[in-house]
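With mmCIF, C-alpha atoms and all ligand atoms inside, this is coords-v3.cif:
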data_work
loop_
_atom_site.label_atom_id
_atom_site.label_comp_id
_atom_site.auth_asym_id
_atom_site.auth_seq_id
_atom_site.Cartn_x
_atom_site.Cartn_y
_atom_site.Cartn_z
CA MET B 615 14.58 -5.63 -28.04
CA LYS B 616 15.97 -3.11 -25.53
CA LYS B 617 16.50 -4.31 -21.95
CA LEU B 618 13.10 -4.32 -20.24
CA ILE B 619 12.16 -5.19 -16.68
CA ILE B 620 8.49 -5.83 -15.97
CA ALA B 621 8.10 -6.12 -12.20
CA ALA B 622 4.99 -7.28 -10.33
CA ASN B 623 4.61 -5.85 -6.85
CA TRP B 624 2.06 -8.06 -5.10
CA LYS B 625 2.32 -5.95 -1.92
CA SER B 626 0.41 -7.52 1.00
CA ASN B 627 -2.18 -9.31 -1.10
CA MET B 628 -1.53 -13.01 -1.57
CA THR B 629 -2.14 -16.12 0.46
CA LYS B 630 -0.35 -19.33 -0.49
CA ASP B 631 -3.41 -20.75 -2.28
CA GLU B 632 -3.93 -17.55 -4.24
CA ALA B 633 -0.28 -17.46 -5.24
CA GLU B 634 -0.38 -21.09 -6.38
CA THR B 635 -3.39 -20.34 -8.57
CA TRP B 636 -1.62 -17.27 -10.02
CA LEU B 637 1.50 -19.28 -10.84
CA GLU B 638 -0.49 -22.12 -12.37
CA GLU B 639 -2.36 -19.69 -14.62
CA PHE B 640 0.82 -17.81 -15.50
CA SER B 641 2.52 -21.04 -16.54
CA LYS B 642 -0.22 -21.55 -19.18
CA GLN B 643 0.34 -18.16 -20.83
CA ASP B 644 2.04 -17.88 -24.22
CA PHE B 645 4.65 -15.22 -24.83
CA SER B 646 6.43 -14.81 -28.13
CA GLU B 647 9.14 -12.63 -26.58
CA LEU B 648 9.95 -12.15 -22.93
CA PRO B 649 11.46 -9.22 -21.11
CA GLU B 650 12.88 -9.82 -17.62
CA VAL B 651 9.85 -10.55 -15.42
CA VAL B 652 10.41 -9.90 -11.71
CA LEU B 653 7.88 -11.06 -9.14
CA LEU B 654 8.05 -9.22 -5.80
CA ALA B 655 6.27 -11.48 -3.36
CA PRO B 656 5.56 -11.33 0.39
CA PHE B 657 8.18 -13.03 2.59
CA THR B 658 5.76 -15.82 3.49
CA LEU B 659 5.63 -16.97 -0.13
CA LEU B 660 9.26 -16.75 -1.17
CA ASP B 661 10.11 -20.40 -0.48
CA MET B 662 7.03 -21.76 -2.22
CA VAL B 663 7.24 -19.43 -5.23
CA ASN B 664 10.95 -20.11 -5.65
CA THR B 665 10.33 -23.87 -5.64
CA TYR B 666 7.45 -23.51 -8.12
CA ILE B 667 9.48 -21.31 -10.50
CA LYS B 668 12.41 -23.77 -10.43
CA ASP B 669 10.28 -26.92 -10.81
CA LYS B 670 8.29 -25.52 -13.74
CA SER B 671 11.20 -23.53 -15.23
CA LEU B 672 9.05 -20.40 -15.27
CA PRO B 673 10.80 -17.35 -16.79
CA ILE B 674 10.44 -15.31 -13.61
CA SER B 675 13.04 -13.75 -11.31
CA LEU B 676 11.89 -13.70 -7.72
CA GLY B 677 12.28 -10.76 -5.38
CA ALA B 678 11.37 -9.69 -1.84
CA GLN B 679 9.52 -6.44 -1.11
CA ASP B 680 11.83 -5.31 1.66
CA ILE B 681 15.03 -6.23 3.49
CA SER B 682 16.51 -5.69 6.93
CA PRO B 683 18.93 -2.77 7.22
CA PHE B 684 20.93 -4.96 9.65
CA LYS B 685 23.14 -7.98 9.36
CA LYS B 686 21.90 -11.27 10.85
CA GLY B 687 21.26 -11.18 14.56
CA ALA B 688 18.94 -9.98 17.28
CA HIS B 689 16.47 -7.97 15.18
CA THR B 690 13.06 -9.47 15.84
CA GLY B 691 10.76 -9.42 12.85
CA GLU B 692 13.44 -8.44 10.34
CA VAL B 693 14.52 -10.58 7.40
CA TYR B 694 18.21 -10.18 6.62
CA SER B 695 19.95 -10.31 3.24
CA GLY B 696 21.26 -13.89 3.61
CA GLU B 697 17.73 -15.16 4.31
CA ILE B 698 16.39 -13.40 1.22
CA LYS B 699 19.25 -14.55 -0.98
CA GLU B 700 18.30 -18.18 -0.28
CA PHE B 701 15.20 -17.72 -2.44
CA CYS B 702 15.56 -14.48 -4.40
CA SER B 703 17.73 -12.67 -6.89
CA TYR B 704 15.96 -9.31 -6.45
CA VAL B 705 14.82 -7.02 -3.66
CA LEU B 706 12.62 -3.92 -3.68
CA ILE B 707 13.75 -1.13 -1.36
CA GLY B 708 12.20 2.18 -0.30
CA HIS B 709 8.69 1.82 -1.73
CA SER B 710 6.70 4.98 -0.91
CA GLU B 711 4.31 2.89 1.20
CA ARG B 712 7.26 1.93 3.41
CA ARG B 713 8.59 5.49 3.46
CA SER B 714 5.20 6.86 4.55
CA SER B 715 3.77 4.05 6.76
CA PHE B 716 7.04 2.98 8.38
CA ASN B 717 8.96 6.26 8.34
CA GLU B 718 11.73 4.88 6.18
CA THR B 719 14.29 7.59 5.62
CA ASP B 720 16.86 7.96 2.85
CA GLU B 721 19.46 6.88 5.40
CA MET B 722 17.53 3.68 6.11
CA VAL B 723 17.10 3.07 2.39
CA ASN B 724 20.86 3.37 1.93
CA LYS B 725 21.52 0.90 4.76
CA LYS B 726 19.17 -1.57 3.10
CA ILE B 727 20.88 -1.04 -0.26
CA GLU B 728 24.24 -1.77 1.38
CA GLU B 729 22.95 -4.99 2.93
CA ALA B 730 21.30 -6.13 -0.30
CA ALA B 731 24.42 -5.38 -2.32
CA SER B 732 26.60 -7.31 0.12
CA ALA B 733 24.50 -10.42 -0.60
CA GLY B 734 24.69 -9.88 -4.36
CA LEU B 735 20.98 -9.15 -4.75
CA SER B 736 19.75 -7.04 -7.67
CA ILE B 737 18.12 -3.94 -6.23
CA ILE B 738 15.09 -1.95 -7.33
CA VAL B 739 14.84 1.24 -5.31
CA CYS B 740 11.70 3.37 -5.45
CA ILE B 741 11.89 7.14 -5.51
CA SER B 742 9.24 9.78 -6.00
CA ASN B 743 11.27 12.98 -5.93
CA ILE B 744 14.69 14.30 -6.92
CA SER B 745 16.02 14.67 -3.39
CA GLN B 746 15.57 10.91 -2.90
CA VAL B 747 17.67 10.38 -6.02
CA LYS B 748 20.38 12.78 -4.83
CA ASN B 749 20.55 10.99 -1.47
CA LEU B 750 20.96 7.53 -2.98
CA SER B 751 24.35 6.17 -2.03
CA SER B 752 24.67 3.76 -4.96
CA GLU B 753 24.30 3.89 -8.73
CA ASN B 754 24.28 0.15 -8.94
CA VAL B 755 20.51 -0.11 -8.64
CA VAL B 756 17.43 0.00 -10.83
CA ILE B 757 15.53 3.17 -9.97
CA ALA B 758 11.74 2.89 -10.02
CA TYR B 759 10.24 6.35 -10.48
CA GLU B 760 6.82 6.30 -8.83
CA PRO B 761 5.02 9.66 -8.52
CA LEU B 762 2.93 9.53 -5.32
CA GLU B 763 -0.26 10.75 -6.96
CA ALA B 764 -0.03 7.96 -9.56
CA ILE B 765 0.23 5.02 -7.16
CA GLY B 766 -2.98 3.03 -6.87
CA THR B 767 -5.12 5.88 -8.20
CA GLY B 768 -5.69 4.99 -11.84
CA ASN B 769 -4.01 8.30 -12.74
CA ALA B 770 -0.72 7.33 -14.31
CA GLU B 771 1.64 10.27 -14.87
CA ASN B 772 1.69 11.73 -18.34
CA PRO B 773 4.48 9.95 -20.31
CA GLU B 774 5.95 13.28 -21.48
CA ASP B 775 6.34 14.40 -17.85
CA VAL B 776 7.82 11.01 -16.93
CA LYS B 777 10.37 11.38 -19.72
CA LEU B 778 11.43 14.84 -18.48
CA PHE B 779 11.73 13.65 -14.89
CA VAL B 780 13.75 10.61 -15.88
CA ASP B 781 16.13 12.88 -17.80
CA GLN B 782 16.70 14.71 -14.51
CA ILE B 783 17.30 11.42 -12.68
CA LYS B 784 19.84 10.38 -15.31
CA GLU B 785 21.76 13.63 -14.89
CA ILE B 786 22.31 12.63 -11.27
CA LYS B 787 22.64 8.83 -11.40
CA ASN B 788 23.76 6.62 -14.21
CA ALA B 789 21.14 3.96 -13.48
CA THR B 790 18.48 1.97 -15.29
CA VAL B 791 15.09 3.60 -14.66
CA ILE B 792 11.63 2.05 -14.72
CA TYR B 793 8.24 3.73 -14.19
CA GLY B 794 5.52 2.76 -11.71
CA GLY B 795 2.06 4.09 -10.89
CA SER B 796 -1.27 2.83 -12.28
CA VAL B 797 0.32 0.97 -15.18
CA ASN B 798 -2.05 -1.26 -17.14
CA SER B 799 -1.86 -3.14 -20.44
CA GLU B 800 -3.44 -0.30 -22.43
CA ILE B 801 -0.85 2.30 -21.47
CA VAL B 802 2.29 0.30 -20.72
CA LYS B 803 3.87 0.92 -24.12
CA ASN B 804 3.57 4.69 -23.59
CA TYR B 805 6.27 4.21 -20.95
CA THR B 806 8.34 1.29 -22.20
CA GLY B 807 8.42 3.03 -25.59
CA LEU B 808 10.27 6.01 -24.08
CA GLU B 809 13.99 5.82 -24.83
CA ASN B 810 15.05 6.57 -21.26
CA ILE B 811 12.71 4.03 -19.60
CA ASN B 812 13.58 0.35 -19.27
CA GLY B 813 10.46 -1.14 -17.79
CA VAL B 814 7.60 -0.78 -15.35
CA LEU B 815 6.69 -1.61 -11.77
CA VAL B 816 3.12 -2.85 -11.60
CA GLY B 817 0.96 -3.02 -8.46
CA SER B 818 -2.74 -3.79 -8.65
CA GLU B 819 -2.70 -4.96 -12.28
CA SER B 820 -0.11 -7.61 -11.39
CA LEU B 821 -2.59 -9.46 -9.17
CA LYS B 822 -4.61 -10.66 -12.16
CA VAL B 823 -2.65 -13.05 -14.37
CA ASN B 824 -4.38 -12.03 -17.61
CA SER B 825 -3.84 -8.31 -17.03
CA PHE B 826 -0.22 -8.81 -16.03
CA SER B 827 0.45 -11.11 -19.00
CA ASP B 828 -1.04 -8.51 -21.35
CA ILE B 829 1.23 -5.90 -19.79
CA ILE B 830 4.23 -8.13 -20.56
CA ARG B 831 3.05 -8.63 -24.16
CA ASN B 832 2.21 -4.99 -24.79
CA ALA B 833 5.37 -3.66 -23.18
CA ILE B 834 7.53 -4.95 -26.01
P1 LIG B 901 -0.15 0.50 -8.78
O1 LIG B 901 1.06 0.34 -7.76
O2 LIG B 901 0.27 -0.14 -10.08
O3 LIG B 901 -1.29 -0.21 -8.14
O4 LIG B 901 -0.39 1.97 -8.94
C1 LIG B 901 2.38 0.55 -8.17
C2 LIG B 901 3.33 0.43 -7.01
O5 LIG B 901 2.98 0.89 -5.91
O6 LIG B 901 4.43 -0.13 -7.14
#
How would this structure read if it were set down as structure tokens?
Amino acid sequence: MKKLIIAANWKSNMTKDEAETWLEEFSKQDFSELPEVVLLAPFTLLDMVNTYIKDKSLPISLGAQDISPFKKGAHTGEVYSGEIKEFCSYVLIGHSERRSSFNETDEMVNKKIEEAASAGLSIIVCISNISQVKNLSSENVVIAYEPLEAIGTGNAENPEDVKLFVDQIKEIKNATVIYGGSVNSEIVKNYTGLENINGVLVGSESLKVNSFSDIIRNAI
């Protein structure tokens, strides 16, 4: 099996009770083969999910959905790399929702990458155009290609177009690339089957355990 990352981006959707139910149901699923499964959870759940994963030996890597661009200190409301590293091995940086709703610039994304790297976190950085790829300061990241018009719309980008775009990314950065935007279990293989794609980033379909588990199964 080629290296595959199947990442669940819960966004701002889960309370503690809901997350516990999700984890309980996920732990009952059968998988004959497993890619790397990354769960990107809200900050409020990282401690609980980390404990659950460890106690039940679930085959899940835990990640945060954002990180402070600063080191520890007087930055009210921010969560710095050392705090994330206590619970997580991954962090998601530069999601288009953060770029658009919180004015995150490429410069800010690069500061976050630097902080995450200094703590030894694995980094998934979201991009939706080539200039964001060109401005990335590091190659040591997983790039999630997420076309804006495909996110949360049910209109996933045509796999042929994804393949061409990812070829362009790879000419600029020698990084692992995954695809995100309206991925579901019916279409996941159209992307993971492409030779230049190594996984998917899943939003809404990751909230339902059965759908997400089918995505994991069908991705292989
Ligand atoms: P979606 O979200 O799967 O709901 O389109 C993907 C993402 O925003 O990461």
Return as JSON the box centre and box size in Å, one decimal, for an axis-aligned box around all listed atoms of ligand LIG 901 (chain B) padded by 5 Å per side.
{"center_x": 1.6, "center_y": 0.9, "center_z": -8.0, "size_x": 15.7, "size_y": 12.2, "size_z": 14.2}
Might you pull out every residue within 8 Å of Ser710 of chain B, with all atoms listed in the file counted and same-chain residues fewer than 5 positions away left off, and present them as a list in words?
Cys740, Ile741, Ser742 and Leu762 of chain B
Distance of atom CA of Phe701 of chain B from atom CA of Met662 of chain B, expressed in Å to one decimal place
9.1 Å
Interatomic distance between atom CA of Lys784 of chain B and atom CA of Phe826 of chain B?
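Value for the atom CA of Lys784 of chain B-atom CA of Phe826 of chain B distance: 27.8 Å.
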Write out as an mmCIF file with C-alpha atoms, in the coordinates of the input each polymer residue (protein, DNA or RNA) that has an atom no more than 10 Å from ligand LIG 901 (chain B), with all atoms listed in the file counted.
data_model
loop_
_atom_site.group_PDB
_atom_site.id
_atom_site.type_symbol
_atom_site.label_atom_id
_atom_site.label_comp_id
_atom_site.auth_asym_id
_atom_site.auth_seq_id
_atom_site.Cartn_x
_atom_site.Cartn_y
_atom_site.Cartn_z
ATOM 1 C CA ALA B 621 8.100 -6.120 -12.200
ATOM 2 C CA ALA B 622 4.990 -7.280 -10.330
ATOM 3 C CA ASN B 623 4.610 -5.850 -6.850
ATOM 4 C CA TRP B 624 2.060 -8.060 -5.100
ATOM 5 C CA LYS B 625 2.320 -5.950 -1.920
ATOM 6 C CA LEU B 654 8.050 -9.220 -5.800
ATOM 7 C CA LEU B 706 12.620 -3.920 -3.680
ATOM 8 C CA HIS B 709 8.690 1.820 -1.730
ATOM 9 C CA SER B 710 6.700 4.980 -0.910
ATOM 10 C CA GLU B 711 4.310 2.890 1.200
ATOM 11 C CA CYS B 740 11.700 3.370 -5.450
ATOM 12 C CA ALA B 758 11.740 2.890 -10.020
ATOM 13 C CA TYR B 759 10.240 6.350 -10.480
ATOM 14 C CA GLU B 760 6.820 6.300 -8.830
ATOM 15 C CA PRO B 761 5.020 9.660 -8.520
ATOM 16 C CA LEU B 762 2.930 9.530 -5.320
ATOM 17 C CA GLU B 763 -0.260 10.750 -6.960
ATOM 18 C CA ALA B 764 -0.030 7.960 -9.560
ATOM 19 C CA ILE B 765 0.230 5.020 -7.160
ATOM 20 C CA GLY B 766 -2.980 3.030 -6.870
ATOM 21 C CA THR B 767 -5.120 5.880 -8.200
ATOM 22 C CA GLY B 768 -5.690 4.990 -11.840
ATOM 23 C CA ASN B 769 -4.010 8.300 -12.740
ATOM 24 C CA ALA B 770 -0.720 7.330 -14.310
ATOM 25 C CA TYR B 793 8.240 3.730 -14.190
ATOM 26 C CA GLY B 794 5.520 2.760 -11.710
ATOM 27 C CA GLY B 795 2.060 4.090 -10.890
ATOM 28 C CA SER B 796 -1.270 2.830 -12.280
ATOM 29 C CA VAL B 797 0.320 0.970 -15.180
ATOM 30 C CA ASN B 798 -2.050 -1.260 -17.140
ATOM 31 C CA VAL B 814 7.600 -0.780 -15.350
ATOM 32 C CA LEU B 815 6.690 -1.610 -11.770
ATOM 33 C CA VAL B 816 3.120 -2.850 -11.600
ATOM 34 C CA GLY B 817 0.960 -3.020 -8.460
ATOM 35 C CA SER B 818 -2.740 -3.790 -8.650
ATOM 36 C CA GLU B 819 -2.700 -4.960 -12.280
ATOM 37 C CA SER B 820 -0.110 -7.610 -11.390
ATOM 38 C CA LEU B 821 -2.590 -9.460 -9.170
#
Might you pull out every residue within 8 Å of Val652 of chain B, with all atoms listed in the file counted and same-chain residues fewer than 6 positions away left off, and present them as a ChimeraX atom specification?
/B:619-622,674-677,704
Return the single residue from B:Asn724, B:Ser646, B:Asn664, B:Asn804 that is closest to Pro773 of chain B, with distances computed using only C-alpha atoms.
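Nearest to Pro773 of chain B: B:Asn804.
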10 Å contact set for segment 629-631 of chain B, only C-alpha atoms, chain neighbours under 4 positions out, as a PDB file with C-alpha atoms, keeping the file's coordinate frame:
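Contents of the output file around22.pdb:
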ATOM      1  CA  THR B 635      -3.390 -20.340  -8.570  1.00  0.00           C
ATOM      2  CA  TRP B 636      -1.620 -17.270 -10.020  1.00  0.00           C
ATOM      3  CA  LEU B 637       1.500 -19.280 -10.840  1.00  0.00           C
ATOM      4  CA  PRO B 656       5.560 -11.330   0.390  1.00  0.00           C
ATOM      5  CA  THR B 658       5.760 -15.820   3.490  1.00  0.00           C
ATOM      6  CA  LEU B 659       5.630 -16.970  -0.130  1.00  0.00           C
ATOM      7  CA  LEU B 660       9.260 -16.750  -1.170  1.00  0.00           C
ATOM      8  CA  MET B 662       7.030 -21.760  -2.220  1.00  0.00           C
ATOM      9  CA  VAL B 663       7.240 -19.430  -5.230  1.00  0.00           C
TER      10      VAL B 663
END
Taken to one decimal, the atom CA of Phe657 of chain B-atom CA of Glu634 of chain B distance is 14.8 Å
Leu778 of chain B proximity check over B:Asn754, B:Ala731, B:Ile811, B:Lys803, using all atoms listed in the file: winner is B:Ile811
Excluding segment 696-700 of chain B and residues on its chain fewer than 5 positions from it, collect all residues at most 9 Å away from it, counting all atoms listed in the file, and give them as a compact mmCIF listing (two decimals) with C-alpha atoms, in the coordinates of the input.
# COMPACT_ATOMS: atom_id res chain seq x y z
CA PHE B 657 8.18 -13.03 2.59
CA LEU B 660 9.26 -16.75 -1.17
CA ASP B 661 10.11 -20.40 -0.48
CA GLY B 677 12.28 -10.76 -5.38
CA ALA B 678 11.37 -9.69 -1.84
CA ILE B 681 15.03 -6.23 3.49
CA LYS B 685 23.14 -7.98 9.36
CA LYS B 686 21.90 -11.27 10.85
CA VAL B 705 14.82 -7.02 -3.66
CA ALA B 730 21.30 -6.13 -0.30
CA ALA B 733 24.50 -10.42 -0.60
CA GLY B 734 24.69 -9.88 -4.36
CA LEU B 735 20.98 -9.15 -4.75
Since fewer atoms than expected are present, regenerate all heavy atoms for segment 775-786 of chain B and write them as a PDB file, keeping the file's coordinate frame.
ATOM      1  N   ASP B 775       5.800  13.926 -19.130  1.00  0.00           N
ATOM      2  CA  ASP B 775       6.340  14.400 -17.850  1.00  0.00           C
ATOM      3  C   ASP B 775       7.291  13.363 -17.254  1.00  0.00           C
ATOM      4  O   ASP B 775       8.298  13.709 -16.641  1.00  0.00           O
ATOM      5  CB  ASP B 775       5.197  14.688 -16.856  1.00  0.00           C
ATOM      6  CG  ASP B 775       4.351  15.866 -17.301  1.00  0.00           C
ATOM      7  OD1 ASP B 775       4.846  16.676 -18.107  1.00  0.00           O
ATOM      8  OD2 ASP B 775       3.182  15.955 -16.884  1.00  0.00           O
ATOM      9  N   VAL B 776       6.942  12.084 -17.428  1.00  0.00           N
ATOM     10  CA  VAL B 776       7.820  11.010 -16.930  1.00  0.00           C
ATOM     11  C   VAL B 776       9.176  11.119 -17.632  1.00  0.00           C
ATOM     12  O   VAL B 776      10.238  11.080 -17.000  1.00  0.00           O
ATOM     13  CB  VAL B 776       7.199   9.613 -17.172  1.00  0.00           C
ATOM     14  CG1 VAL B 776       8.202   8.514 -16.853  1.00  0.00           C
ATOM     15  CG2 VAL B 776       5.934   9.449 -16.330  1.00  0.00           C
ATOM     16  N   LYS B 777       9.127  11.312 -18.940  1.00  0.00           N
ATOM     17  CA  LYS B 777      10.370  11.380 -19.720  1.00  0.00           C
ATOM     18  C   LYS B 777      11.266  12.515 -19.198  1.00  0.00           C
ATOM     19  O   LYS B 777      12.471  12.331 -18.990  1.00  0.00           O
ATOM     20  CB  LYS B 777      10.034  11.608 -21.195  1.00  0.00           C
ATOM     21  CG  LYS B 777      11.234  11.622 -22.100  1.00  0.00           C
ATOM     22  CD  LYS B 777      10.827  11.778 -23.557  1.00  0.00           C
ATOM     23  CE  LYS B 777      12.056  11.906 -24.434  1.00  0.00           C
ATOM     24  NZ  LYS B 777      12.879  13.082 -24.115  1.00  0.00           N
ATOM     25  N   LEU B 778      10.659  13.680 -18.961  1.00  0.00           N
ATOM     26  CA  LEU B 778      11.430  14.840 -18.480  1.00  0.00           C
ATOM     27  C   LEU B 778      12.032  14.563 -17.105  1.00  0.00           C
ATOM     28  O   LEU B 778      13.191  14.872 -16.829  1.00  0.00           O
ATOM     29  CB  LEU B 778      10.548  16.086 -18.417  1.00  0.00           C
ATOM     30  CG  LEU B 778      10.096  16.632 -19.774  1.00  0.00           C
ATOM     31  CD1 LEU B 778       9.105  17.775 -19.586  1.00  0.00           C
ATOM     32  CD2 LEU B 778      11.297  17.088 -20.593  1.00  0.00           C
ATOM     33  N   PHE B 779      11.233  13.934 -16.241  1.00  0.00           N
ATOM     34  CA  PHE B 779      11.730  13.650 -14.890  1.00  0.00           C
ATOM     35  C   PHE B 779      12.867  12.633 -14.940  1.00  0.00           C
ATOM     36  O   PHE B 779      13.861  12.761 -14.217  1.00  0.00           O
ATOM     37  CB  PHE B 779      10.583  13.142 -14.003  1.00  0.00           C
ATOM     38  CG  PHE B 779      10.948  13.127 -12.546  1.00  0.00           C
ATOM     39  CD1 PHE B 779      10.745  14.250 -11.753  1.00  0.00           C
ATOM     40  CD2 PHE B 779      11.518  12.006 -11.969  1.00  0.00           C
ATOM     41  CE1 PHE B 779      11.115  14.248 -10.412  1.00  0.00           C
ATOM     42  CE2 PHE B 779      11.889  11.992 -10.634  1.00  0.00           C
ATOM     43  CZ  PHE B 779      11.688  13.118  -9.851  1.00  0.00           C
ATOM     44  N   VAL B 780      12.706  11.645 -15.794  1.00  0.00           N
ATOM     45  CA  VAL B 780      13.750  10.610 -15.880  1.00  0.00           C
ATOM     46  C   VAL B 780      15.049  11.202 -16.449  1.00  0.00           C
ATOM     47  O   VAL B 780      16.139  10.814 -16.031  1.00  0.00           O
ATOM     48  CB  VAL B 780      13.242   9.398 -16.708  1.00  0.00           C
ATOM     49  CG1 VAL B 780      14.368   8.388 -16.949  1.00  0.00           C
ATOM     50  CG2 VAL B 780      12.088   8.720 -15.986  1.00  0.00           C
ATOM     51  N   ASP B 781      14.922  12.178 -17.337  1.00  0.00           N
ATOM     52  CA  ASP B 781      16.130  12.880 -17.800  1.00  0.00           C
ATOM     53  C   ASP B 781      16.864  13.509 -16.624  1.00  0.00           C
ATOM     54  O   ASP B 781      18.091  13.451 -16.534  1.00  0.00           O
ATOM     55  CB  ASP B 781      15.776  13.968 -18.829  1.00  0.00           C
ATOM     56  CG  ASP B 781      15.552  13.392 -20.221  1.00  0.00           C
ATOM     57  OD1 ASP B 781      16.013  12.259 -20.470  1.00  0.00           O
ATOM     58  OD2 ASP B 781      14.908  14.068 -21.043  1.00  0.00           O
ATOM     59  N   GLN B 782      16.086  14.102 -15.715  1.00  0.00           N
ATOM     60  CA  GLN B 782      16.700  14.710 -14.510  1.00  0.00           C
ATOM     61  C   GLN B 782      17.374  13.660 -13.642  1.00  0.00           C
ATOM     62  O   GLN B 782      18.477  13.874 -13.138  1.00  0.00           O
ATOM     63  CB  GLN B 782      15.632  15.391 -13.657  1.00  0.00           C
ATOM     64  CG  GLN B 782      15.101  16.687 -14.207  1.00  0.00           C
ATOM     65  CD  GLN B 782      14.147  17.311 -13.167  1.00  0.00           C
ATOM     66  OE1 GLN B 782      14.511  17.557 -12.028  1.00  0.00           O
ATOM     67  NE2 GLN B 782      12.911  17.530 -13.564  1.00  0.00           N
ATOM     68  N   ILE B 783      16.705  12.514 -13.472  1.00  0.00           N
ATOM     69  CA  ILE B 783      17.300  11.420 -12.680  1.00  0.00           C
ATOM     70  C   ILE B 783      18.643  11.025 -13.291  1.00  0.00           C
ATOM     71  O   ILE B 783      19.649  10.876 -12.598  1.00  0.00           O
ATOM     72  CB  ILE B 783      16.379  10.176 -12.648  1.00  0.00           C
ATOM     73  CG1 ILE B 783      15.080  10.484 -11.918  1.00  0.00           C
ATOM     74  CG2 ILE B 783      17.099   8.987 -12.007  1.00  0.00           C
ATOM     75  CD1 ILE B 783      14.062   9.339 -11.936  1.00  0.00           C
ATOM     76  N   LYS B 784      18.648  10.886 -14.623  1.00  0.00           N
ATOM     77  CA  LYS B 784      19.840  10.380 -15.310  1.00  0.00           C
ATOM     78  C   LYS B 784      21.002  11.371 -15.256  1.00  0.00           C
ATOM     79  O   LYS B 784      22.153  10.982 -15.431  1.00  0.00           O
ATOM     80  CB  LYS B 784      19.504  10.016 -16.757  1.00  0.00           C
ATOM     81  CG  LYS B 784      18.463   8.927 -16.858  1.00  0.00           C
ATOM     82  CD  LYS B 784      18.988   7.740 -17.626  1.00  0.00           C
ATOM     83  CE  LYS B 784      17.932   6.666 -17.739  1.00  0.00           C
ATOM     84  NZ  LYS B 784      18.488   5.352 -18.046  1.00  0.00           N
ATOM     85  N   GLU B 785      20.670  12.647 -15.056  1.00  0.00           N
ATOM     86  CA  GLU B 785      21.760  13.630 -14.890  1.00  0.00           C
ATOM     87  C   GLU B 785      22.471  13.421 -13.553  1.00  0.00           C
ATOM     88  O   GLU B 785      23.630  13.773 -13.390  1.00  0.00           O
ATOM     89  CB  GLU B 785      21.201  15.051 -14.934  1.00  0.00           C
ATOM     90  CG  GLU B 785      21.064  15.579 -16.350  1.00  0.00           C
ATOM     91  CD  GLU B 785      20.290  16.889 -16.388  1.00  0.00           C
ATOM     92  OE1 GLU B 785      20.318  17.639 -15.396  1.00  0.00           O
ATOM     93  OE2 GLU B 785      19.654  17.133 -17.433  1.00  0.00           O
ATOM     94  N   ILE B 786      21.743  12.823 -12.604  1.00  0.00           N
ATOM     95  CA  ILE B 786      22.310  12.630 -11.270  1.00  0.00           C
ATOM     96  C   ILE B 786      22.894  11.240 -11.079  1.00  0.00           C
ATOM     97  O   ILE B 786      23.968  11.073 -10.516  1.00  0.00           O
ATOM     98  CB  ILE B 786      21.213  12.878 -10.191  1.00  0.00           C
ATOM     99  CG1 ILE B 786      20.661  14.292 -10.333  1.00  0.00           C
ATOM    100  CG2 ILE B 786      21.765  12.661  -8.788  1.00  0.00           C
ATOM    101  CD1 ILE B 786      19.379  14.525  -9.572  1.00  0.00           C
TER     102      ILE B 786
END
